[in-house]
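Asker: Sharing work35.txt, compact mmCIF, C-alpha atoms:
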```
# COMPACT_ATOMS: atom_id res chain seq x y z
CA MET F 1 54.76 108.05 154.15
CA SER F 2 54.65 108.52 150.40
CA GLN F 3 55.28 111.98 149.02
CA PHE F 4 53.22 113.37 146.18
CA ILE F 5 54.86 116.29 144.37
CA SER F 6 53.36 118.48 141.65
CA LEU F 7 56.07 118.61 138.99
CA THR F 8 55.17 122.03 137.62
CA GLN F 9 58.74 122.50 136.38
CA TYR F 10 58.06 120.03 133.54
CA GLN F 11 56.13 120.21 130.28
CA LEU F 12 54.66 117.10 128.67
CA ILE F 13 54.98 116.63 124.91
CA GLU F 14 53.23 113.94 122.90
CA ALA F 15 54.91 112.68 119.72
CA HIS F 16 52.56 110.63 117.61
CA GLY F 17 52.05 109.41 114.08
CA ALA F 18 52.99 106.54 111.77
CA ASP F 19 56.62 107.72 111.59
CA ALA F 20 57.02 108.69 115.25
CA GLU F 21 59.47 105.89 116.11
CA LYS F 22 61.51 106.27 112.94
CA TYR F 23 61.72 110.03 113.32
CA LEU F 24 62.79 109.96 116.97
CA GLN F 25 65.33 107.25 116.15
CA GLY F 26 67.10 109.72 113.87
CA GLN F 27 66.97 112.53 116.42
CA LEU F 28 67.60 111.20 119.93
CA THR F 29 70.64 109.48 121.46
CA THR F 30 68.52 106.52 122.62
CA ASP F 31 67.82 103.44 120.53
CA VAL F 32 64.12 104.25 120.27
CA VAL F 33 63.34 101.15 118.20
CA ARG F 34 64.74 98.78 120.84
CA LEU F 35 63.14 100.63 123.74
CA ALA F 36 60.32 98.41 124.95
CA SER F 37 56.74 99.65 124.91
CA GLY F 38 55.94 100.87 128.41
CA ALA F 39 59.59 101.66 129.16
CA THR F 40 61.12 105.02 130.02
CA THR F 41 64.63 106.45 129.83
CA LEU F 42 66.47 109.72 129.87
CA THR F 43 67.62 110.73 126.42
CA ALA F 44 69.32 113.71 124.79
CA HIS F 45 68.77 115.70 121.62
CA CYS F 46 71.93 117.19 120.20
CA ASP F 47 72.85 119.80 117.64
CA PRO F 48 75.02 118.79 114.64
CA LYS F 49 78.15 119.36 116.75
CA GLY F 50 76.98 116.85 119.35
CA LYS F 51 76.11 119.47 121.98
CA MET F 52 72.84 118.94 123.84
CA ASN F 53 69.97 121.36 123.33
CA ALA F 54 67.62 119.29 125.48
CA ILE F 55 67.40 116.34 127.85
CA TYR F 56 64.09 114.51 127.83
CA ARG F 57 62.52 111.73 129.81
CA LEU F 58 61.18 109.58 127.01
CA PHE F 59 58.24 107.22 127.54
CA LYS F 60 57.31 104.79 124.77
CA VAL F 61 53.64 103.85 124.60
CA SER F 62 53.93 102.24 121.15
CA SER F 63 55.84 102.75 117.90
CA GLU F 64 53.34 105.47 117.01
CA GLN F 65 52.98 107.21 120.38
CA PHE F 66 55.60 108.63 122.74
CA PHE F 67 55.61 111.09 125.61
CA LEU F 68 58.56 113.35 126.36
CA LEU F 69 59.05 115.35 129.55
CA ILE F 70 61.21 118.45 129.31
CA LYS F 71 62.02 121.22 131.77
CA LYS F 72 59.83 124.21 130.90
CA ASP F 73 62.77 126.61 130.82
CA LEU F 74 64.15 124.74 127.77
CA LEU F 75 61.01 125.56 125.79
CA PRO F 76 60.40 126.55 123.07
CA SER F 77 63.96 126.20 121.75
CA GLY F 78 64.35 122.53 122.67
CA LEU F 79 61.09 121.49 121.05
CA ASP F 80 61.69 123.64 117.97
CA ALA F 81 65.02 121.88 117.43
CA LEU F 82 63.50 118.43 117.92
CA LYS F 83 60.72 118.91 115.37
CA LYS F 84 62.82 120.88 112.87
CA TYR F 85 62.66 118.13 110.23
CA ALA F 86 59.27 116.71 111.20
CA VAL F 87 57.63 118.27 108.15
CA PHE F 88 59.14 115.46 106.09
CA SER F 89 57.66 112.70 108.28
CA LYS F 90 54.28 111.54 109.49
CA VAL F 91 54.82 112.69 113.05
CA SER F 92 53.28 115.46 115.14
CA PHE F 93 54.45 117.08 118.38
CA ASP F 94 51.81 118.48 120.70
CA LEU F 95 52.10 120.11 124.11
CA ARG F 96 49.80 118.36 126.59
CA ASP F 97 48.44 120.15 129.62
CA TRP F 98 48.29 116.98 131.72
CA GLN F 99 48.77 116.61 135.44
CA ILE F 100 52.37 115.54 136.18
CA ILE F 101 52.95 114.02 139.62
CA GLY F 102 56.20 112.90 141.18
CA LEU F 103 55.74 110.04 143.62
CA ILE F 104 58.35 109.04 146.18
CA GLY F 105 57.35 105.84 147.97
CA GLU F 106 54.45 103.45 147.43
CA LYS F 107 51.52 104.43 145.25
CA CYS F 108 48.21 104.89 147.02
CA GLY F 109 45.51 102.52 145.77
CA LYS F 110 43.19 105.45 145.06
CA ILE F 111 45.60 106.94 142.53
CA THR F 112 45.12 105.38 139.10
CA PRO F 113 47.11 107.42 136.54
CA HIS F 114 46.84 107.10 132.79
CA PHE F 115 50.55 106.27 132.70
CA SER F 116 53.12 105.50 135.40
CA LEU F 117 56.84 105.92 134.66
CA GLU F 118 59.10 103.99 137.02
CA ILE F 119 62.28 105.99 137.67
CA ASP F 120 64.68 104.56 140.24
CA GLY F 121 63.11 102.04 142.55
CA ILE F 122 61.14 104.24 144.93
CA ARG F 123 60.26 107.04 142.49
CA SER F 124 57.64 107.24 139.77
CA ILE F 125 56.17 109.91 137.54
CA LEU F 126 52.39 109.73 137.15
CA LEU F 127 50.79 111.24 134.05
CA ASN F 128 47.09 112.07 134.17
CA GLU F 129 45.11 113.40 131.22
CA THR F 130 42.48 114.72 133.64
CA GLU F 131 43.41 116.15 137.01
CA LEU F 132 43.12 113.76 139.93
CA PRO F 133 42.35 114.89 143.50
CA VAL F 134 45.79 114.43 145.04
CA ASN F 135 46.97 115.66 148.43
CA PHE F 136 50.36 117.10 147.51
CA ASN F 137 52.68 116.89 150.51
CA GLY F 138 56.12 117.54 149.01
CA ASP F 139 57.96 120.49 147.49
CA GLU F 140 59.21 120.20 143.90
CA LYS F 141 62.69 120.91 145.27
CA ILE F 142 62.55 117.48 146.93
CA TRP F 143 62.18 115.90 143.51
CA ASP F 144 65.01 117.96 142.02
CA ILE F 145 67.30 117.01 144.92
CA ALA F 146 66.41 113.35 144.44
CA ASP F 147 67.50 113.71 140.81
CA ILE F 148 70.79 115.25 141.93
CA GLN F 149 71.39 112.46 144.45
CA ALA F 150 70.60 109.84 141.79
CA GLY F 151 73.08 111.46 139.42
CA LEU F 152 70.35 112.27 136.88
CA PRO F 153 71.49 115.40 135.06
CA ASN F 154 69.73 118.67 134.41
CA LEU F 155 70.09 120.93 131.41
CA SER F 156 69.14 124.60 131.60
CA PRO F 157 69.23 127.63 129.30
CA GLN F 158 72.61 128.60 130.79
CA THR F 159 74.14 125.27 129.76
CA GLN F 160 72.16 124.56 126.60
CA ASN F 161 74.36 123.60 123.61
CA GLU F 162 77.46 123.56 125.85
CA PHE F 163 78.01 119.85 126.59
CA ILE F 164 78.08 116.54 124.78
CA PRO F 165 75.94 113.87 126.48
CA GLN F 166 78.88 112.06 128.13
CA VAL F 167 79.87 115.19 130.04
CA LEU F 168 76.62 114.78 132.01
CA ASN F 169 77.25 111.03 132.46
CA LEU F 170 74.42 109.96 130.14
CA GLN F 171 76.49 107.08 128.75
CA VAL F 172 76.01 105.18 132.05
CA ILE F 173 72.42 106.21 132.84
CA GLU F 174 69.48 104.01 131.86
CA GLN F 175 69.28 103.65 128.05
CA ALA F 176 70.16 107.28 127.38
CA ILE F 177 72.81 106.66 124.70
CA SER F 178 73.12 103.88 122.15
CA PHE F 179 76.48 103.46 120.45
CA THR F 180 75.22 100.79 118.06
CA LYS F 181 71.96 102.07 116.60
CA GLY F 182 73.37 104.13 113.72
CA CYS F 183 73.02 107.73 112.70
CA TYR F 184 71.30 110.52 114.59
CA ILE F 185 72.03 114.23 114.87
CA GLY F 186 75.39 114.75 116.60
CA GLN F 187 76.18 110.99 116.53
CA GLU F 188 79.67 111.41 115.08
CA THR F 189 80.83 113.61 117.98
CA VAL F 190 79.23 111.38 120.61
CA ALA F 191 80.84 108.27 119.11
CA ARG F 192 84.25 109.93 118.84
CA ALA F 193 84.13 110.85 122.52
CA LYS F 194 83.65 107.17 123.37
CA TYR F 195 85.97 105.41 120.95
CA ARG F 196 88.78 107.97 120.86
CA GLY F 197 88.61 109.00 124.48
CA ALA F 198 87.89 112.58 123.49
CA ASN F 199 85.80 113.38 126.56
CA LYS F 200 87.80 114.41 129.62
CA ARG F 201 84.95 115.73 131.77
CA ALA F 202 82.17 114.31 133.93
CA MET F 203 79.42 115.44 136.30
CA PHE F 204 79.96 115.20 140.07
CA ILE F 205 77.75 115.78 143.12
CA PHE F 206 78.51 118.17 146.00
CA LYS F 207 76.62 119.40 149.05
CA THR F 208 77.14 121.87 151.87
CA GLN F 209 75.24 123.43 154.75
CA THR F 210 74.48 127.05 153.88
CA GLN F 211 71.58 129.38 153.19
CA GLN F 212 73.41 130.61 150.12
CA GLU F 213 72.15 129.87 146.62
CA ALA F 214 74.33 129.00 143.64
CA GLU F 215 73.89 130.19 140.08
CA ILE F 216 73.57 127.69 137.25
CA GLY F 217 76.45 128.12 134.82
CA SER F 218 78.77 129.63 137.45
CA GLU F 219 81.93 128.01 138.77
CA ILE F 220 83.24 126.63 142.04
CA GLU F 221 86.80 126.90 143.37
CA MET F 222 89.47 124.25 143.82
CA GLN F 223 92.37 124.49 146.24
CA ILE F 224 95.86 124.26 144.76
CA GLU F 225 98.42 124.37 147.56
CA SER F 226 97.59 127.61 149.41
CA ASN F 227 95.63 129.16 146.57
CA TRP F 228 92.15 128.73 145.13
CA ARG F 229 91.24 128.84 141.45
CA LYS F 230 87.99 128.64 139.53
CA THR F 231 87.02 125.29 138.12
CA GLY F 232 84.02 123.40 136.79
CA THR F 233 80.52 124.49 135.81
CA ILE F 234 77.46 124.19 138.06
CA THR F 235 74.67 122.46 136.13
CA SER F 236 72.18 121.85 138.98
CA ALA F 237 71.73 123.75 142.24
CA VAL F 238 68.96 123.30 144.81
CA ASN F 239 68.90 124.63 148.38
CA LEU F 240 66.35 123.10 150.70
CA ASP F 241 66.26 123.70 154.47
CA GLY F 242 69.78 125.07 154.50
CA VAL F 243 71.43 122.25 152.56
CA LEU F 244 72.73 123.19 149.12
CA TRP F 245 73.00 120.35 146.59
CA LEU F 246 75.05 120.80 143.41
CA GLN F 247 75.92 118.95 140.25
CA VAL F 248 79.17 120.23 138.77
CA VAL F 249 80.91 119.39 135.49
CA MET F 250 84.66 119.02 136.03
CA ASN F 251 87.68 117.13 134.72
CA ASN F 252 86.97 113.45 135.23
CA ASP F 253 90.34 112.70 136.83
CA ILE F 254 89.95 114.82 139.96
CA ASP F 255 91.64 113.67 143.16
CA SER F 256 89.17 112.31 145.72
CA GLU F 257 91.04 114.28 148.42
CA GLN F 258 90.79 117.59 146.55
CA GLN F 259 89.21 120.51 148.43
CA PHE F 260 86.45 122.60 146.82
CA ARG F 261 84.40 125.59 147.91
CA LEU F 262 81.71 127.93 146.63
CA LEU F 263 82.99 130.76 144.49
CA ASN F 264 84.31 133.77 146.42
CA SER F 265 83.41 132.31 149.80
CA GLU F 266 84.77 130.23 152.65
CA ILE F 267 82.01 127.64 152.29
CA LEU F 268 83.61 124.25 151.72
CA LEU F 269 81.88 121.65 149.56
CA GLU F 270 81.57 117.98 150.40
CA ARG F 271 81.88 115.67 147.44
CA VAL F 272 79.14 113.01 147.38
CA GLN F 273 79.74 109.62 145.79
CA LEU F 274 77.94 109.09 142.50
CA PRO F 275 75.50 106.14 142.62
CA TYR F 276 77.12 104.69 139.49
CA SER F 277 80.54 104.36 137.86
CA ILE F 278 81.35 106.87 135.13
CA THR F 279 83.76 104.49 133.45
CA GLU F 280 82.47 103.69 129.97
```
Rewrite the structure of this file - the entire thing - as structure tokens.
Answerer:
Amino acid sequence: MSQFISLTQYQLIEAHGADAEKYLQGQLTTDVVRLASGATTLTAHCDPKGKMNAIYRLFKVSSEQFFLLIKKDLLPSGLDALKKYAVFSKVSFDLRDWQIIGLIGEKCGKITPHFSLEIDGIRSILLNETELPVNFNGDEKIWDIADIQAGLPNLSPQTQNEFIPQVLNLQVIEQAISFTKGCYIGQETVARAKYRGANKRAMFIFKTQTQQEAEIGSEIEMQIESNWRKTGTITSAVNLDGVLWLQVVMNNDIDSEQQFRLLNSEILLERVQLPYSITE
């Protein structure tokens, strides 16, 4: 049975105007010009040092109209940074109070959204300008866990402006980073990480059975001989029905046999295989 989930954790932004494509091309890590109309991708917006202040799901309607989905807890700082130089271009950014639905499974014939964003085979995001009568039968945590399992990263206020895009594996996800499109904010740092091998970290997935929660921005522990020491940074954490799912940024050369646990506990963590290779 298909699951319909109200994605209240997201805010929809519309970017529109004659210069919308050109402006976003100089801001985001994605090659916005080459992104096909009707296509969607994760993308990042960086500060001048190449550290991410927001991750968006970008949807291109046309060269003059785009939609961007952002986690609400990154507002208003993420949007303020994105439109900082918009005064010099013919582009506007407007918050849209549309219905945002996460669909896992096949779409019901009665649901006809204004826009449908295909995510990863069995998942879609439906955007509706006017609210549709939908029987929601899934918790938003289900959607967030599906993102974790798919290796799609999350940015939060605790990790804002802390990581370059490659640390969260964006170089191998969809069309999130272009290394050929030319200049954008933070591009020099992002390019250096690729061509000079400057990035030594990556995002990994863990899970464990526990009722315990985990704090975003906190660490886990790694066993070294008979001792445990802090390591990594938790970037996503969702506990549903007693199963805790985590995304953790760590050194990208970790041993597959290494033991990990939650901080200050005896709760061991099981490392889950990423659904993609992090080799650039």
Asker: With 8 Å as the cut-off and all atoms listed in the file counted, what is the closest atom pair between each nearby residue of segment 167-278 of chain F and segment 142-157 of chain F? Distances in Å to one decimal, ordered by chain and number, as a Markdown table.
Answerer:
```
| residue | atom | partner | partner_atom | distance |
| --- | --- | --- | --- | --- |
| F:Leu168 | CA | F:Pro153 | CA | 6.0 |
| F:Asn169 | CA | F:Pro153 | CA | 7.7 |
| F:Leu170 | CA | F:Pro153 | CA | 7.9 |
| F:Ile173 | CA | F:Leu152 | CA | 7.6 |
| F:Phe204 | CA | F:Gly151 | CA | 7.9 |
| F:Ile205 | CA | F:Ile148 | CA | 7.1 |
| F:Ile216 | CA | F:Ser156 | CA | 7.8 |
| F:Thr235 | CA | F:Asn154 | CA | 6.5 |
| F:Ser236 | CA | F:Asn154 | CA | 6.1 |
| F:Val238 | CA | F:Ile145 | CA | 6.5 |
| F:Leu240 | CA | F:Ile142 | CA | 7.8 |
| F:Trp245 | CA | F:Ile145 | CA | 6.8 |
| F:Leu246 | CA | F:Ile148 | CA | 7.2 |
| F:Gln247 | CA | F:Ile148 | CA | 6.5 |
| F:Leu274 | CA | F:Gly151 | CA | 6.2 |
| F:Pro275 | CA | F:Ala150 | CA | 6.2 |
| F:Tyr276 | CA | F:Gly151 | CA | 7.9 |
```
Asker: Given the choices F:Gly17, F:Gly26, F:Pro113, F:Pro133, which gets closest to Ser62 of chain F if the distance is worked out from all atoms listed in the file?
Answerer: F:Gly17
Asker: Leaving out Ala214 of chain F and any residue of its chain fewer than 4 positions from it, which residues lie within 9 Å of it when counting all atoms listed in the file, given as a PyMOL selection string?
Answerer: chain F and resi 218+234+236-239+244+246+262-263
Asker: Go ahead and write the residues just picked, C-alpha atoms, as a short mmCIF file (atom, residue, chain, number, x, y, z; two decimals), in the coordinates of the input.
Answerer:
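Here's the written file part03.cif:
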```cif
data_model
loop_
_atom_site.label_atom_id
_atom_site.label_comp_id
_atom_site.auth_asym_id
_atom_site.auth_seq_id
_atom_site.Cartn_x
_atom_site.Cartn_y
_atom_site.Cartn_z
CA SER F 218 78.77 129.63 137.45
CA ILE F 234 77.46 124.19 138.06
CA SER F 236 72.18 121.85 138.98
CA ALA F 237 71.73 123.75 142.24
CA VAL F 238 68.96 123.30 144.81
CA ASN F 239 68.90 124.63 148.38
CA LEU F 244 72.73 123.19 149.12
CA LEU F 246 75.05 120.80 143.41
CA LEU F 262 81.71 127.93 146.63
CA LEU F 263 82.99 130.76 144.49
#
```
Asker: Can you pull out the residues contacting His114 of chain F? Cut-off 10 Å, using only C-alpha atoms, and skip same-chain residues under 6 positions away; I want them as a list in words.
Answerer: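 Listing them by chain and then by number gives Leu126, Leu127, Asn128, Glu129 and Thr130 of chain F.
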Asker: Have a look at F:Asp73, F:Ser63, F:Lys84, F:Ser2 and name the one nearest to Arg123 of chain F; count all atoms listed in the file.
Answerer: F:Ser2
Asker: With distances taken over only C-alpha atoms, which of F:Asp97, F:Asp253, F:Glu219, F:Glu140 is nearest to Thr279 of chain F?
Answerer: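 Residue with the minimum atom-to-atom distance to Thr279 of chain F: F:Asp253.
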Asker: Quote the spacing between atom CA of Ser256 of chain F and atom CA of Glu213 of chain F in Å to one decimal place.
Answerer: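 Those two atoms sit 24.5 Å apart.
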Asker: Which is closest to Val243 of chain F among F:Phe206, F:Tyr23, F:Phe179, F:Phe67, if we use all atoms listed in the file?
Answerer: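 Of all the options, F:Phe206 lies closest to Val243 of chain F.
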Asker: Using only C-alpha atoms, pick whichever of F:Glu215, F:Lys230, F:Asp47, F:Leu12 has the shortest atom-to-atom distance to Gln99 of chain F.
Answerer: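 Nearest candidate to Gln99 of chain F out of F:Glu215, F:Lys230, F:Asp47, F:Leu12: F:Leu12.
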Asker: Quote the spacing between atom CA of Ile122 of chain F and atom CA of Gly105 of chain F in Å to one decimal place.
Answerer: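 Atom-to-atom, atom CA of Ile122 of chain F and atom CA of Gly105 of chain F are spaced 5.1 Å apart.
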Asker: Mind filling out segment 176-190 of chain F with N, CA, C and O atoms and sending it as a compact mmCIF listing (two decimals), in the frame of the given file?
Answerer:
```txt
# COMPACT_ATOMS: atom_id res chain seq x y z
N ALA F 176 70.11 105.92 127.93
CA ALA F 176 70.16 107.28 127.38
C ALA F 176 70.93 107.37 126.07
O ALA F 176 70.57 108.15 125.18
N ILE F 177 72.01 106.60 125.93
CA ILE F 177 72.81 106.66 124.70
C ILE F 177 72.99 105.25 124.15
O ILE F 177 73.36 104.34 124.88
N SER F 178 72.77 105.11 122.86
CA SER F 178 73.12 103.88 122.15
C SER F 178 74.31 104.17 121.24
O SER F 178 74.30 105.14 120.47
N PHE F 179 75.32 103.31 121.32
CA PHE F 179 76.48 103.46 120.45
C PHE F 179 76.44 102.48 119.28
O PHE F 179 77.41 102.35 118.54
N THR F 180 75.32 101.81 119.11
CA THR F 180 75.22 100.79 118.06
C THR F 180 74.05 101.01 117.11
O THR F 180 73.92 100.29 116.12
N LYS F 181 73.20 101.98 117.36
CA LYS F 181 71.96 102.07 116.60
C LYS F 181 72.12 102.74 115.24
O LYS F 181 71.23 102.68 114.41
N GLY F 182 73.23 103.43 114.98
CA GLY F 182 73.37 104.13 113.72
C GLY F 182 73.21 105.63 113.88
O GLY F 182 73.36 106.17 114.97
N CYS F 183 72.91 106.27 112.78
CA CYS F 183 73.02 107.73 112.70
C CYS F 183 71.88 108.45 113.41
O CYS F 183 70.73 108.03 113.38
N TYR F 184 72.25 109.54 114.07
CA TYR F 184 71.30 110.52 114.59
C TYR F 184 72.06 111.84 114.66
O TYR F 184 73.29 111.87 114.50
N ILE F 185 71.38 112.92 114.87
CA ILE F 185 72.03 114.23 114.87
C ILE F 185 73.07 114.30 115.98
O ILE F 185 72.76 114.04 117.15
N GLY F 186 74.30 114.65 115.63
CA GLY F 186 75.39 114.75 116.60
C GLY F 186 76.08 113.43 116.89
O GLY F 186 77.01 113.38 117.70
N GLN F 187 75.67 112.33 116.23
CA GLN F 187 76.18 110.99 116.53
C GLN F 187 77.69 110.88 116.35
O GLN F 187 78.38 110.22 117.14
N GLU F 188 78.24 111.53 115.35
CA GLU F 188 79.67 111.41 115.08
C GLU F 188 80.50 111.91 116.26
O GLU F 188 81.47 111.27 116.68
N THR F 189 80.11 113.05 116.83
CA THR F 189 80.83 113.61 117.98
C THR F 189 80.69 112.72 119.20
O THR F 189 81.65 112.48 119.94
N VAL F 190 79.49 112.23 119.45
CA VAL F 190 79.23 111.38 120.61
C VAL F 190 80.05 110.09 120.50
O VAL F 190 80.65 109.63 121.47
```
